[in-house]
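Q: Sharing entry.txt below, compact mmCIF, C-alpha atoms:
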```txt
# COMPACT_ATOMS: atom_id res chain seq x y z
CA MET A 1 120.40 106.47 107.12
CA PRO A 2 118.62 107.75 104.01
CA MET A 3 115.17 107.68 105.59
CA VAL A 4 115.62 110.33 108.20
CA PHE A 5 112.09 111.14 109.31
CA ALA A 6 108.69 109.47 109.56
CA GLY A 7 105.62 111.57 110.23
CA ALA A 8 101.88 111.32 109.81
CA CYS A 9 99.17 113.94 109.82
CA SER A 10 95.63 114.77 108.79
CA HIS A 11 94.91 116.34 105.42
CA SER A 12 91.23 117.25 105.59
CA PRO A 13 90.46 120.16 103.25
CA SER A 14 88.33 121.67 105.99
CA ILE A 15 91.45 122.34 108.07
CA THR A 16 92.10 125.29 105.78
CA ALA A 17 88.73 125.73 104.06
CA GLN A 18 86.66 125.86 107.23
CA ALA A 19 89.25 127.29 109.61
CA GLU A 20 87.16 130.34 110.41
CA HIS A 21 84.32 128.11 111.60
CA VAL A 22 86.21 126.63 114.54
CA SER A 23 87.43 128.32 117.69
CA LEU A 24 90.69 130.20 117.75
CA GLU A 25 91.90 127.71 120.36
CA THR A 26 91.23 124.73 118.06
CA ARG A 27 93.02 126.42 115.18
CA SER A 28 95.91 127.51 117.31
CA ASN A 29 96.40 124.10 118.93
CA LEU A 30 96.46 122.35 115.56
CA ALA A 31 98.81 124.94 114.09
CA GLN A 32 101.13 124.36 117.03
CA ALA A 33 101.00 120.62 116.48
CA PHE A 34 101.87 121.06 112.80
CA GLU A 35 104.66 123.42 113.82
CA GLY A 36 106.07 120.75 116.10
CA LEU A 37 106.00 118.27 113.24
CA ARG A 38 107.62 120.82 110.91
CA LYS A 39 110.46 121.51 113.34
CA ALA A 40 111.06 117.83 114.00
CA MET A 41 111.21 117.15 110.28
CA LEU A 42 113.51 120.09 109.51
CA GLN A 43 115.91 119.02 112.27
CA THR A 44 116.60 115.91 110.21
CA ARG A 45 117.70 118.11 107.25
CA PRO A 46 115.77 116.26 104.55
CA ASP A 47 116.77 116.65 100.90
CA ALA A 48 113.31 115.49 99.85
CA ILE A 49 109.93 114.55 101.24
CA VAL A 50 108.18 111.42 100.05
CA ILE A 51 104.56 112.20 100.81
CA ILE A 52 102.19 109.25 100.83
CA ALA A 53 98.65 110.40 100.31
CA ALA A 54 95.22 109.22 99.36
CA GLU A 55 94.45 110.92 96.12
CA HIS A 56 90.89 112.14 95.60
CA PHE A 57 90.19 111.92 91.86
CA ALA A 58 92.56 114.74 91.01
CA ASN A 59 94.79 112.57 88.81
CA PHE A 60 93.37 109.10 88.62
CA PHE A 61 89.94 107.92 87.59
CA MET A 62 88.19 104.66 86.88
CA ASN A 63 89.48 104.72 83.30
CA ASN A 64 92.90 103.87 84.69
CA MET A 65 93.16 103.51 88.45
CA PRO A 66 96.53 102.42 89.79
CA ALA A 67 96.79 100.65 93.12
CA PHE A 68 99.93 102.70 93.72
CA ALA A 69 101.45 105.64 91.90
CA ILE A 70 104.56 107.77 92.35
CA GLY A 71 105.40 111.14 90.87
CA THR A 72 108.55 111.55 88.80
CA ALA A 73 108.07 115.17 87.74
CA ALA A 74 110.42 118.10 88.20
CA ASP A 75 107.58 120.10 89.68
CA TYR A 76 103.94 119.86 90.59
CA ASN A 77 101.13 122.38 90.51
CA GLY A 78 98.58 122.58 93.24
CA PRO A 79 96.13 122.77 94.68
CA VAL A 80 93.83 121.40 92.02
CA GLU A 81 90.95 122.78 94.06
CA ASP A 82 89.97 126.44 93.69
CA GLU A 83 91.80 128.79 96.00
CA GLY A 84 88.52 130.28 97.13
CA TRP A 85 87.38 126.88 98.33
CA LEU A 86 90.54 125.39 99.84
CA LYS A 87 92.02 128.74 100.95
CA ILE A 88 95.48 127.76 99.72
CA LYS A 89 97.10 129.82 96.98
CA PRO A 90 97.99 128.03 93.73
CA THR A 91 101.69 127.34 93.58
CA THR A 92 104.36 125.16 92.04
CA VAL A 93 106.03 122.69 94.36
CA PRO A 94 109.45 121.40 93.30
CA GLY A 95 109.73 117.68 92.70
CA HIS A 96 112.84 115.59 93.27
CA LYS A 97 112.93 114.07 89.82
CA SER A 98 116.34 112.40 89.95
CA LEU A 99 115.58 110.71 93.26
CA ALA A 100 112.14 109.59 92.08
CA GLU A 101 113.70 108.06 88.99
CA LEU A 102 116.08 106.10 91.19
CA LEU A 103 113.27 104.89 93.42
CA VAL A 104 110.91 103.68 90.69
CA PRO A 105 112.99 100.75 89.36
CA GLU A 106 113.73 99.66 92.92
CA LEU A 107 110.05 99.78 93.89
CA LEU A 108 109.11 97.82 90.79
CA GLN A 109 111.13 94.91 92.09
CA ASP A 110 108.45 94.43 94.75
CA VAL A 111 105.26 96.28 93.87
CA ASP A 112 103.54 97.27 90.65
CA ILE A 113 103.61 101.03 91.00
CA ALA A 114 102.60 103.44 88.25
CA TYR A 115 104.91 106.37 87.67
CA CYS A 116 103.71 109.76 86.55
CA GLU A 117 105.44 112.81 85.10
CA GLU A 118 102.21 114.77 85.45
CA TRP A 119 100.48 115.14 88.76
CA GLN A 120 98.24 117.81 90.20
CA LEU A 121 98.44 118.09 93.94
CA ASP A 122 95.16 118.07 95.80
CA HIS A 123 94.35 118.80 99.42
CA GLY A 124 95.78 115.43 100.47
CA ILE A 125 99.24 116.86 99.88
CA MET A 126 98.67 120.61 99.81
CA VAL A 127 97.09 120.94 103.25
CA PRO A 128 100.01 119.22 105.03
CA LEU A 129 102.59 121.15 102.95
CA HIS A 130 100.79 124.40 103.72
CA PHE A 131 101.77 123.87 107.35
CA LEU A 132 104.98 121.87 107.06
CA THR A 133 106.82 123.62 104.22
CA PRO A 134 104.86 126.84 103.71
CA SER A 135 107.50 128.19 101.33
CA TYR A 136 107.52 124.88 99.43
CA ASP A 137 111.30 124.83 99.52
CA ILE A 138 111.88 121.09 99.96
CA PRO A 139 111.36 118.97 96.84
CA ILE A 140 108.70 116.33 97.12
CA ILE A 141 107.90 112.96 95.65
CA PRO A 142 104.16 112.26 95.82
CA VAL A 143 102.95 108.71 96.31
CA ASN A 144 99.32 107.73 95.91
CA ILE A 145 97.39 104.75 97.18
CA ASN A 146 93.93 104.01 95.82
CA CYS A 147 91.71 104.77 98.79
CA GLN A 148 89.04 106.27 96.56
CA HIS A 149 87.29 103.66 94.51
CA PRO A 150 86.79 99.95 95.19
CA PRO A 151 88.40 97.56 94.92
CA PHE A 152 90.85 99.39 97.15
CA THR A 153 94.51 98.49 97.42
CA PRO A 154 94.71 95.62 99.96
CA LEU A 155 96.26 96.51 103.30
CA HIS A 156 98.95 93.85 103.03
CA ARG A 157 100.02 95.36 99.71
CA CYS A 158 100.31 98.76 101.41
CA TRP A 159 102.59 97.10 103.92
CA ALA A 160 104.59 95.68 101.01
CA LEU A 161 104.84 99.17 99.49
CA GLY A 162 106.19 100.53 102.76
CA GLU A 163 108.80 97.79 102.98
CA SER A 164 109.75 98.30 99.36
CA LEU A 165 110.00 102.05 99.78
CA ARG A 166 112.37 101.56 102.67
CA ARG A 167 114.51 99.13 100.69
CA ALA A 168 114.68 101.65 97.87
CA LEU A 169 115.50 104.54 100.20
CA ASP A 170 118.26 102.51 101.82
CA LYS A 171 120.05 102.53 98.46
CA VAL A 172 120.12 106.29 97.88
CA PRO A 173 122.38 108.89 99.47
CA GLU A 174 119.71 111.57 99.86
CA ARG A 175 118.22 112.24 103.28
CA VAL A 176 114.52 111.59 102.88
CA ALA A 177 111.57 112.42 105.11
CA VAL A 178 108.51 110.23 104.64
CA LEU A 179 105.12 111.63 105.48
CA ALA A 180 101.79 109.83 105.51
CA THR A 181 98.66 111.92 105.27
CA GLY A 182 95.04 111.06 105.72
CA GLY A 183 92.15 110.65 108.01
CA ILE A 184 91.49 107.93 110.46
CA SER A 185 87.75 107.49 110.97
CA HIS A 186 85.67 109.98 109.02
CA TRP A 187 82.62 110.19 106.82
CA PRO A 188 83.41 113.20 104.60
CA ALA A 189 81.02 114.62 102.05
CA SER A 190 78.07 112.58 103.29
CA PRO A 191 75.08 113.10 105.58
CA GLU A 192 77.29 111.74 108.35
CA THR A 193 80.02 114.31 107.84
CA GLY A 194 81.43 115.34 111.21
CA ARG A 195 81.00 111.88 112.69
CA ILE A 196 84.23 110.64 114.29
CA ASN A 197 84.67 107.24 115.94
CA VAL A 198 87.11 108.17 118.69
CA GLU A 199 87.19 104.68 120.16
CA TRP A 200 88.09 103.15 116.78
CA ASP A 201 90.68 105.84 116.11
CA LYS A 202 92.39 105.21 119.42
CA GLU A 203 92.46 101.48 118.84
CA PHE A 204 93.93 101.99 115.37
CA LEU A 205 96.49 104.50 116.62
CA GLY A 206 97.42 102.04 119.36
CA HIS A 207 98.14 99.35 116.77
CA TRP A 208 100.01 101.91 114.70
CA SER A 209 102.07 103.21 117.62
CA ARG A 210 103.14 99.65 118.47
CA ASN A 211 103.79 99.00 114.79
CA ASP A 212 101.65 95.91 115.13
CA ARG A 213 101.66 94.60 111.57
CA LYS A 214 99.17 91.83 112.23
CA SER A 215 96.56 94.13 113.77
CA LEU A 216 97.14 96.89 111.23
CA THR A 217 96.63 94.64 108.23
CA ARG A 218 93.81 92.46 109.50
CA TYR A 219 90.99 94.99 109.03
CA THR A 220 88.58 94.15 106.24
CA ASP A 221 87.28 96.98 104.07
CA ASN A 222 83.74 96.31 105.20
CA GLU A 223 84.82 96.62 108.83
CA ILE A 224 86.56 99.90 108.06
CA LEU A 225 83.55 101.22 106.15
CA ARG A 226 81.23 100.25 109.00
CA ASP A 227 83.33 101.53 111.89
CA ALA A 228 85.51 104.24 110.39
CA GLY A 229 83.56 105.38 107.34
CA HIS A 230 84.64 105.67 103.73
CA GLY A 231 87.32 108.12 104.86
CA GLY A 232 88.79 105.44 107.10
CA ILE A 233 90.02 103.66 103.99
CA GLU A 234 92.88 106.19 104.12
CA ILE A 235 94.54 104.32 107.01
CA ARG A 236 96.50 102.76 104.16
CA THR A 237 98.91 105.69 104.21
CA PHE A 238 99.62 105.24 107.94
CA ILE A 239 100.13 101.51 107.43
CA THR A 240 102.58 102.08 104.58
CA LEU A 241 104.59 104.46 106.74
CA ALA A 242 104.67 101.96 109.62
CA ALA A 243 106.12 99.32 107.30
CA ALA A 244 108.72 101.75 105.97
CA THR A 245 110.10 102.34 109.47
CA LYS A 246 110.90 98.62 109.85
CA GLY A 247 109.22 98.27 113.21
CA GLY A 248 109.64 101.80 114.56
CA LEU A 249 107.36 102.85 117.38
CA GLY A 250 104.93 105.66 116.84
CA LYS A 251 104.02 108.61 119.01
CA VAL A 252 100.76 110.48 118.62
CA HIS A 253 101.56 114.08 119.48
CA TYR A 254 98.12 115.49 118.80
CA TYR A 255 94.62 114.06 118.51
CA ASP A 256 91.63 116.37 118.59
CA PRO A 257 88.23 115.39 117.17
CA VAL A 258 86.92 118.41 115.26
CA PRO A 259 83.55 117.69 113.60
CA MET A 260 83.81 120.87 111.51
CA PHE A 261 86.99 119.43 110.00
CA ALA A 262 85.20 116.06 109.53
CA ILE A 263 88.13 114.34 111.26
CA ALA A 264 90.07 114.07 114.45
CA ALA A 265 93.03 116.29 113.68
CA THR A 266 96.06 114.09 114.16
CA VAL A 267 99.80 114.66 114.18
CA ALA A 268 102.21 111.80 114.85
CA THR A 269 105.77 110.65 114.32
CA MET A 270 107.41 107.26 114.23
CA ASP A 271 110.91 106.05 115.08
CA ILE A 272 112.97 104.63 112.25
CA HIS A 273 114.68 101.31 112.80
CA MET B 1 72.19 104.93 83.90
CA SER B 2 75.66 106.17 82.96
CA LEU B 3 77.09 106.93 86.36
CA TYR B 4 80.58 106.60 84.96
CA GLN B 5 79.92 109.46 82.53
CA VAL B 6 78.48 111.70 85.24
CA GLN B 7 81.58 111.14 87.32
CA LYS B 8 83.89 111.53 84.33
CA LEU B 9 82.42 114.98 83.70
CA MET B 10 83.02 115.91 87.33
CA PHE B 11 86.56 114.50 87.23
CA ASP B 12 87.34 116.48 84.09
CA LEU B 13 85.94 119.66 85.63
CA ASN B 14 88.00 119.10 88.74
CA ARG B 15 91.24 118.79 86.77
CA ASP B 16 90.77 121.29 83.98
CA ARG B 17 90.38 124.97 84.83
CA THR B 18 89.62 125.88 81.19
CA LEU B 19 86.83 123.34 81.01
CA ARG B 20 85.59 124.64 84.34
CA ALA B 21 85.35 128.16 82.97
CA ARG B 22 83.57 126.93 79.83
CA PHE B 23 81.19 124.91 81.97
CA ILE B 24 80.25 127.94 84.06
CA GLU B 25 79.54 129.81 80.79
CA SER B 26 77.49 127.07 79.21
CA LYS B 27 76.71 124.06 81.31
CA MET B 28 74.36 122.43 78.80
CA ASP B 29 76.96 122.49 76.00
CA ILE B 30 79.52 120.76 78.17
CA THR B 31 77.10 118.12 79.44
CA LEU B 32 76.21 117.28 75.82
CA GLN B 33 79.79 116.08 75.35
CA TYR B 34 79.09 113.21 77.77
CA LYS B 35 76.73 110.28 77.29
CA LEU B 36 74.22 111.11 79.98
CA THR B 37 70.61 110.17 80.54
CA LEU B 38 68.02 112.91 80.74
CA GLU B 39 67.75 112.38 84.49
CA GLU B 40 71.50 112.71 84.93
CA ARG B 41 71.71 115.83 82.78
CA GLU B 42 68.84 117.44 84.66
CA ALA B 43 70.40 116.58 88.03
CA LEU B 44 73.70 118.14 86.93
CA LEU B 45 72.13 121.28 85.52
CA THR B 46 69.54 121.97 88.23
CA PRO B 47 71.78 121.17 90.26
CA ASP B 48 70.07 118.50 92.29
CA ILE B 49 72.80 117.49 94.73
CA GLY B 50 70.51 115.02 96.48
CA LYS B 51 69.64 113.21 93.25
CA LEU B 52 73.30 113.00 92.23
CA TYR B 53 74.15 111.66 95.68
CA ILE B 54 71.59 108.86 95.61
CA MET B 55 72.61 107.99 92.03
CA GLY B 56 75.88 106.92 93.63
CA VAL B 57 78.21 109.69 92.50
CA SER B 58 81.48 109.63 94.41
CA LYS B 59 81.17 111.78 97.51
CA ALA B 60 84.48 113.48 96.81
CA LEU B 61 83.55 114.33 93.22
CA LEU B 62 80.16 115.61 94.31
CA LEU B 63 81.73 117.83 96.94
CA TYR B 64 84.07 119.30 94.31
CA TYR B 65 81.18 119.77 91.90
CA THR B 66 79.30 121.71 94.55
CA ALA B 67 82.36 123.89 95.06
CA ILE B 68 82.77 124.43 91.30
CA LEU B 69 79.18 125.66 91.18
CA GLY B 70 79.98 128.07 93.98
CA LEU B 71 77.45 126.57 96.35
CA PRO B 72 78.20 126.91 100.06
CA ARG B 73 79.23 123.77 101.93
CA ALA B 74 76.03 123.91 103.98
CA LYS B 75 74.10 123.54 100.75
CA PHE B 76 76.02 120.37 99.97
CA VAL B 77 75.31 118.78 103.35
CA GLU B 78 71.66 119.85 103.11
CA GLY B 79 71.45 118.44 99.57
CA VAL B 80 72.85 114.99 100.33
CA THR B 81 70.78 114.68 103.49
CA GLU B 82 67.57 115.67 101.73
CA GLY B 83 68.42 113.45 98.77
CA VAL B 84 68.08 110.29 100.80
CA THR B 85 64.78 111.47 102.29
CA ARG B 86 63.35 112.58 98.97
CA TYR B 87 64.60 109.90 96.59
CA GLY B 88 65.35 106.92 98.78
CA PRO B 89 68.59 105.07 99.45
CA ILE B 90 71.69 105.32 97.31
CA ARG B 91 71.15 103.29 94.15
CA VAL B 92 74.75 102.38 93.48
CA ASN B 93 76.90 102.75 96.55
CA ASN B 94 80.37 102.10 95.28
CA ALA B 95 81.91 101.85 98.69
CA LEU B 96 79.36 99.40 100.04
CA GLU B 97 79.36 97.04 97.09
CA LEU B 98 82.31 95.28 98.59
CA LYS B 99 82.06 91.62 99.35
CA GLU B 100 83.83 90.00 102.25
```
What does this structure look like when you write it as structure tokens?
A:
Amino acid sequence: MPMVFAGACSHSPSITAQAEHVSLETRSNLAQAFEGLRKAMLQTRPDAIVIIAAEHFANFFMNNMPAFAIGTAADYNGPVEDEGWLKIKPTTVPGHKSLAELLVPELLQDVDIAYCEEWQLDHGIMVPLHFLTPSYDIPIIPVNINCQHPPFTPLHRCWALGESLRRALDKVPERVAVLATGGISHWPASPETGRINVEWDKEFLGHWSRNDRKSLTRYTDNEILRDAGHGGIEIRTFITLAAATKGGLGKVHYYDPVPMFAIAATVATMDIH
Amino acid sequence: MSLYQVQKLMFDLNRDRTLRARFIESKMDITLQYKLTLEEREALLTPDIGKLYIMGVSKALLLYYTAILGLPRAKFVEGVTEGVTRYGPIRVNNALELKE
């Protein structure tokens, strides 16, 4: 089984940048949740991590905005944000170039995905890695979905990406962990920052945990923007992961609304079928 | 209004540490490399976070820009909140331009 692990977690930059502004208990509980995810992932002995994130204008802009992109580099520098702001030291994360180059032609059979030999990692990838592979010793393959600028990648296309990714992974011998990162409801960098729609989150996570394709892909962007904020657009990463598991059931291990982090800190895993 | 150019400047600053350093040294010189209106250039140089916000600059880019300028996060939240009060609603809200 080449896809050996499916996990999802928050990536808010405030988790590291604003850590000193929340209680020790909040920090400790989240660190423990990440540690649980780290241990579960390492137990599956992954050769690589495909990390599906919502890029935030670190690599792609409106001059050329792909619906999907995948990294094919031998290594990646990050974080693009200043260390003083994100509180994560600049580093080089190894990439799994040979595996990425095998995946790209397979993915292109189903989805039009851009491939990139240059990629700067932003908080969407660096915050999760900071907790999950703090020594950055497992090569990664970053995947981006346009959650940043409308028109956003349609949800049913994210589902198609997940299915395609799984088909591609089924053809390679490497043991691959797949991680989805992002917020559920949140209104970052706005006057409403810190607002969290717990009811909406729980409904979404319920759909996600049941791997309910119909419910997961029926949201309109306007509904998401109204009920889950512009940050809620990032549910695309969770939806892609759900599709990649081929109907696996999810388990939310940790959910804690933390307004200072602008999100409900979330850690979850999903079975792989 | 050349919102695209304002955001392109911020995008370039976010990606390029050398440009960032040059910008901190001489903000005006760098802004002159982009096709900006007087209002946009003034908002960038002041910096008037509230004005940039209601112009419709991406929230993520604006947050990074605030960080590049070394302003505390509280200043950002204060700026965007005051911007709406002072200048009115967001002129071009990219996220809310969507049609069903």
Q: Got a sec: who's within 12 Å of Asn197 in chain A, counting only C-alpha atoms, leaving out chain neighbours fewer than 4 positions off, as a list in words?
A: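 The residues satisfying every condition are Gly183, Ile184, Ser185, His186, Trp187, Glu192, Thr193, Asp201, Lys202, Glu203, Phe204, Ile224, Leu225, Arg226, Asp227, Ala228, Gly229, Gly231, Gly232, Asp256, Pro257, Val258, Pro259, Ala262, Ile263 and Ala264 of chain A.
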Q: Taking (71.1, 120.4, 96.9) in the file's coordinates, which residues come within 9 Å, counting all atoms listed in the file, written as JSON, numbers by chain?
A: {"B": [46, 47, 48, 49, 50, 51, 66, 71, 75, 76, 77, 78, 79, 80, 81, 82, 83]}
Q: Give one line per residue of chain B that approaches chain A to at most 9 Å, naming the two atoms of the closest pair and their distance in Å to one decimal, counting all atoms listed in the file; sort by chain then ascending residue number and deliver it as JSON lines.
A:
```
{"residue": "B:Tyr4", "atom": "CA", "partner": "A:Met62", "partner_atom": "CA", "distance": 8.1}
{"residue": "B:Gln7", "atom": "CA", "partner": "A:Phe61", "partner_atom": "CA", "distance": 9.0}
{"residue": "B:Lys8", "atom": "CA", "partner": "A:Phe61", "partner_atom": "CA", "distance": 7.8}
{"residue": "B:Phe11", "atom": "CA", "partner": "A:Phe57", "partner_atom": "CA", "distance": 6.4}
{"residue": "B:Asp12", "atom": "CA", "partner": "A:Ala58", "partner_atom": "CA", "distance": 8.8}
{"residue": "B:Asn14", "atom": "CA", "partner": "A:Ala58", "partner_atom": "CA", "distance": 6.7}
{"residue": "B:Arg15", "atom": "CA", "partner": "A:Ala58", "partner_atom": "CA", "distance": 6.0}
{"residue": "B:Asp16", "atom": "CA", "partner": "A:Val80", "partner_atom": "CA", "distance": 8.6}
{"residue": "B:Arg17", "atom": "CA", "partner": "A:Val80", "partner_atom": "CA", "distance": 8.7}
{"residue": "B:Tyr53", "atom": "CA", "partner": "A:Ser190", "partner_atom": "CA", "distance": 8.6}
{"residue": "B:Ser58", "atom": "CA", "partner": "A:His149", "partner_atom": "CA", "distance": 8.3}
{"residue": "B:Lys59", "atom": "CA", "partner": "A:Ala189", "partner_atom": "CA", "distance": 5.4}
{"residue": "B:Ala60", "atom": "CA", "partner": "A:Ala189", "partner_atom": "CA", "distance": 6.4}
{"residue": "B:Leu61", "atom": "CA", "partner": "A:Phe57", "partner_atom": "CA", "distance": 7.2}
{"residue": "B:Leu62", "atom": "CA", "partner": "A:Ala189", "partner_atom": "CA", "distance": 7.9}
{"residue": "B:Leu63", "atom": "CA", "partner": "A:Ala189", "partner_atom": "CA", "distance": 6.1}
{"residue": "B:Tyr64", "atom": "CA", "partner": "A:Glu81", "partner_atom": "CA", "distance": 7.7}
{"residue": "B:Ala67", "atom": "CA", "partner": "A:Trp85", "partner_atom": "CA", "distance": 6.7}
{"residue": "B:Ile68", "atom": "CA", "partner": "A:Asp82", "partner_atom": "CA", "distance": 7.8}
{"residue": "B:Gly70", "atom": "CA", "partner": "A:Trp85", "partner_atom": "CA", "distance": 8.7}
{"residue": "B:Phe76", "atom": "CA", "partner": "A:Ala189", "partner_atom": "CA", "distance": 7.9}
{"residue": "B:Val77", "atom": "CA", "partner": "A:Pro191", "partner_atom": "CA", "distance": 6.1}
{"residue": "B:Glu78", "atom": "CA", "partner": "A:Pro191", "partner_atom": "CA", "distance": 8.0}
{"residue": "B:Gly79", "atom": "CA", "partner": "A:Pro191", "partner_atom": "CA", "distance": 8.8}
{"residue": "B:Val80", "atom": "CA", "partner": "A:Pro191", "partner_atom": "CA", "distance": 6.0}
{"residue": "B:Thr81", "atom": "CA", "partner": "A:Pro191", "partner_atom": "CA", "distance": 5.0}
{"residue": "B:Glu82", "atom": "CA", "partner": "A:Pro191", "partner_atom": "CA", "distance": 8.8}
{"residue": "B:Val84", "atom": "CA", "partner": "A:Pro191", "partner_atom": "CA", "distance": 8.9}
{"residue": "B:Asn94", "atom": "CA", "partner": "A:Pro150", "partner_atom": "CA", "distance": 6.8}
{"residue": "B:Ala95", "atom": "CA", "partner": "A:Pro150", "partner_atom": "CA", "distance": 6.3}
{"residue": "B:Leu96", "atom": "CA", "partner": "A:Asn222", "partner_atom": "CA", "distance": 7.4}
{"residue": "B:Glu97", "atom": "CA", "partner": "A:Pro150", "partner_atom": "CA", "distance": 8.2}
{"residue": "B:Leu98", "atom": "CA", "partner": "A:Asn222", "partner_atom": "CA", "distance": 6.8}
{"residue": "B:Lys99", "atom": "CA", "partner": "A:Asn222", "partner_atom": "CA", "distance": 7.7}
{"residue": "B:Glu100", "atom": "CA", "partner": "A:Asn222", "partner_atom": "CA", "distance": 7.0}
```
Q: Kindly give the distance, in Å, that separates CA of Ala100 in chain A and CA of Thr72 in chain A, rounded to a single decimal.
A: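 Separation between CA of Ala100 in chain A and CA of Thr72 in chain A: 5.2 Å.
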Q: Figure out the distance between CA of Lys171 in chain A and CA of Thr217 in chain A, please, to one decimal in Å.
A: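 Between CA of Thr217 in chain A and CA of Lys171 in chain A the gap works out to 26.6 Å.
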Q: May I ask which of the residues A:Pro139, A:Ile15, A:Ala114, A:Phe238 is the closest one to Asn64 in chain A, counting all atoms listed in the file?
A: A:Ala114
Q: For a test of reading the model, state the distance in Å between CA of Thr240 in chain A and CA of Ser164 in chain A, rounded to one decimal.
A: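 Straight-line distance from CA of Thr240 in chain A to CA of Ser164 in chain A works out to 9.6 Å.
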Q: Give me, as a list in words, all polymer residues having an atom no more than 10 Å from Leu42 in chain A, counting all atoms listed in the file and skipping those fewer than 4 positions away in the same chain.
A: Phe5, Gly36, Leu37, Arg38, Pro46, Asp47, Leu132, Thr133, Ile138 and Ala177 of chain A
Q: Find, counting all atoms listed in the file, the residue in A:Leu30, A:Leu155, A:Ala243, A:Ile140 that gets nearest to Gly95 in chain A.
A: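 Going through A:Leu30, A:Leu155, A:Ala243, A:Ile140 one by one, the smallest distance to Gly95 in chain A is for A:Ile140.
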Q: Can you work out which one of B:Val57, B:Val92, B:Leu3, B:Leu45 has the shortest atom-to-atom distance to Lys27 in chain B, counting only C-alpha atoms?
A: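 With only C-alpha atoms as the atom set, the closest residue is B:Leu45.
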Q: Taking 5 positions as the minimum chain separation for residues in the same chain, which residues sit within 7 Å of Tyr255 in chain A when counting all atoms listed in the file? Answer as a PyMOL selection string.
A: chain A and resi 264-267
Q: Taking into account all atoms listed in the file, which residue in the set A:Asn144, A:Ser28, A:Thr92, A:Gln109 is nearest to Ala180 in chain A?
A: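 Of A:Asn144, A:Ser28, A:Thr92, A:Gln109, the one nearest Ala180 in chain A is A:Asn144, counting all atoms listed in the file.
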Q: Do you know which residues are at most 8 Å from range 37-44 of chain B counting all atoms listed in the file, after dropping those on the same chain fewer than 5 positions away, and could you put them as a ChimeraX atom specification?
A: /B:1-2,6,31,49,51-52
Q: Those selected residues, please, written with C-alpha atoms and delivered as a CSV table (one decimal), in the frame of the given file.
A:
```
chain,number,residue,atom,x,y,z
B,1,MET,CA,72.2,104.9,83.9
B,2,SER,CA,75.7,106.2,83.0
B,6,VAL,CA,78.5,111.7,85.2
B,31,THR,CA,77.1,118.1,79.4
B,49,ILE,CA,72.8,117.5,94.7
B,51,LYS,CA,69.6,113.2,93.2
B,52,LEU,CA,73.3,113.0,92.2
```
Q: Using only C-alpha atoms, which of the listed residues (A:Val93, A:Ile52, A:Met41, A:Leu107) sits closest to Thr269 in chain A?
A: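 Closest residue, counting only C-alpha atoms: A:Met41.
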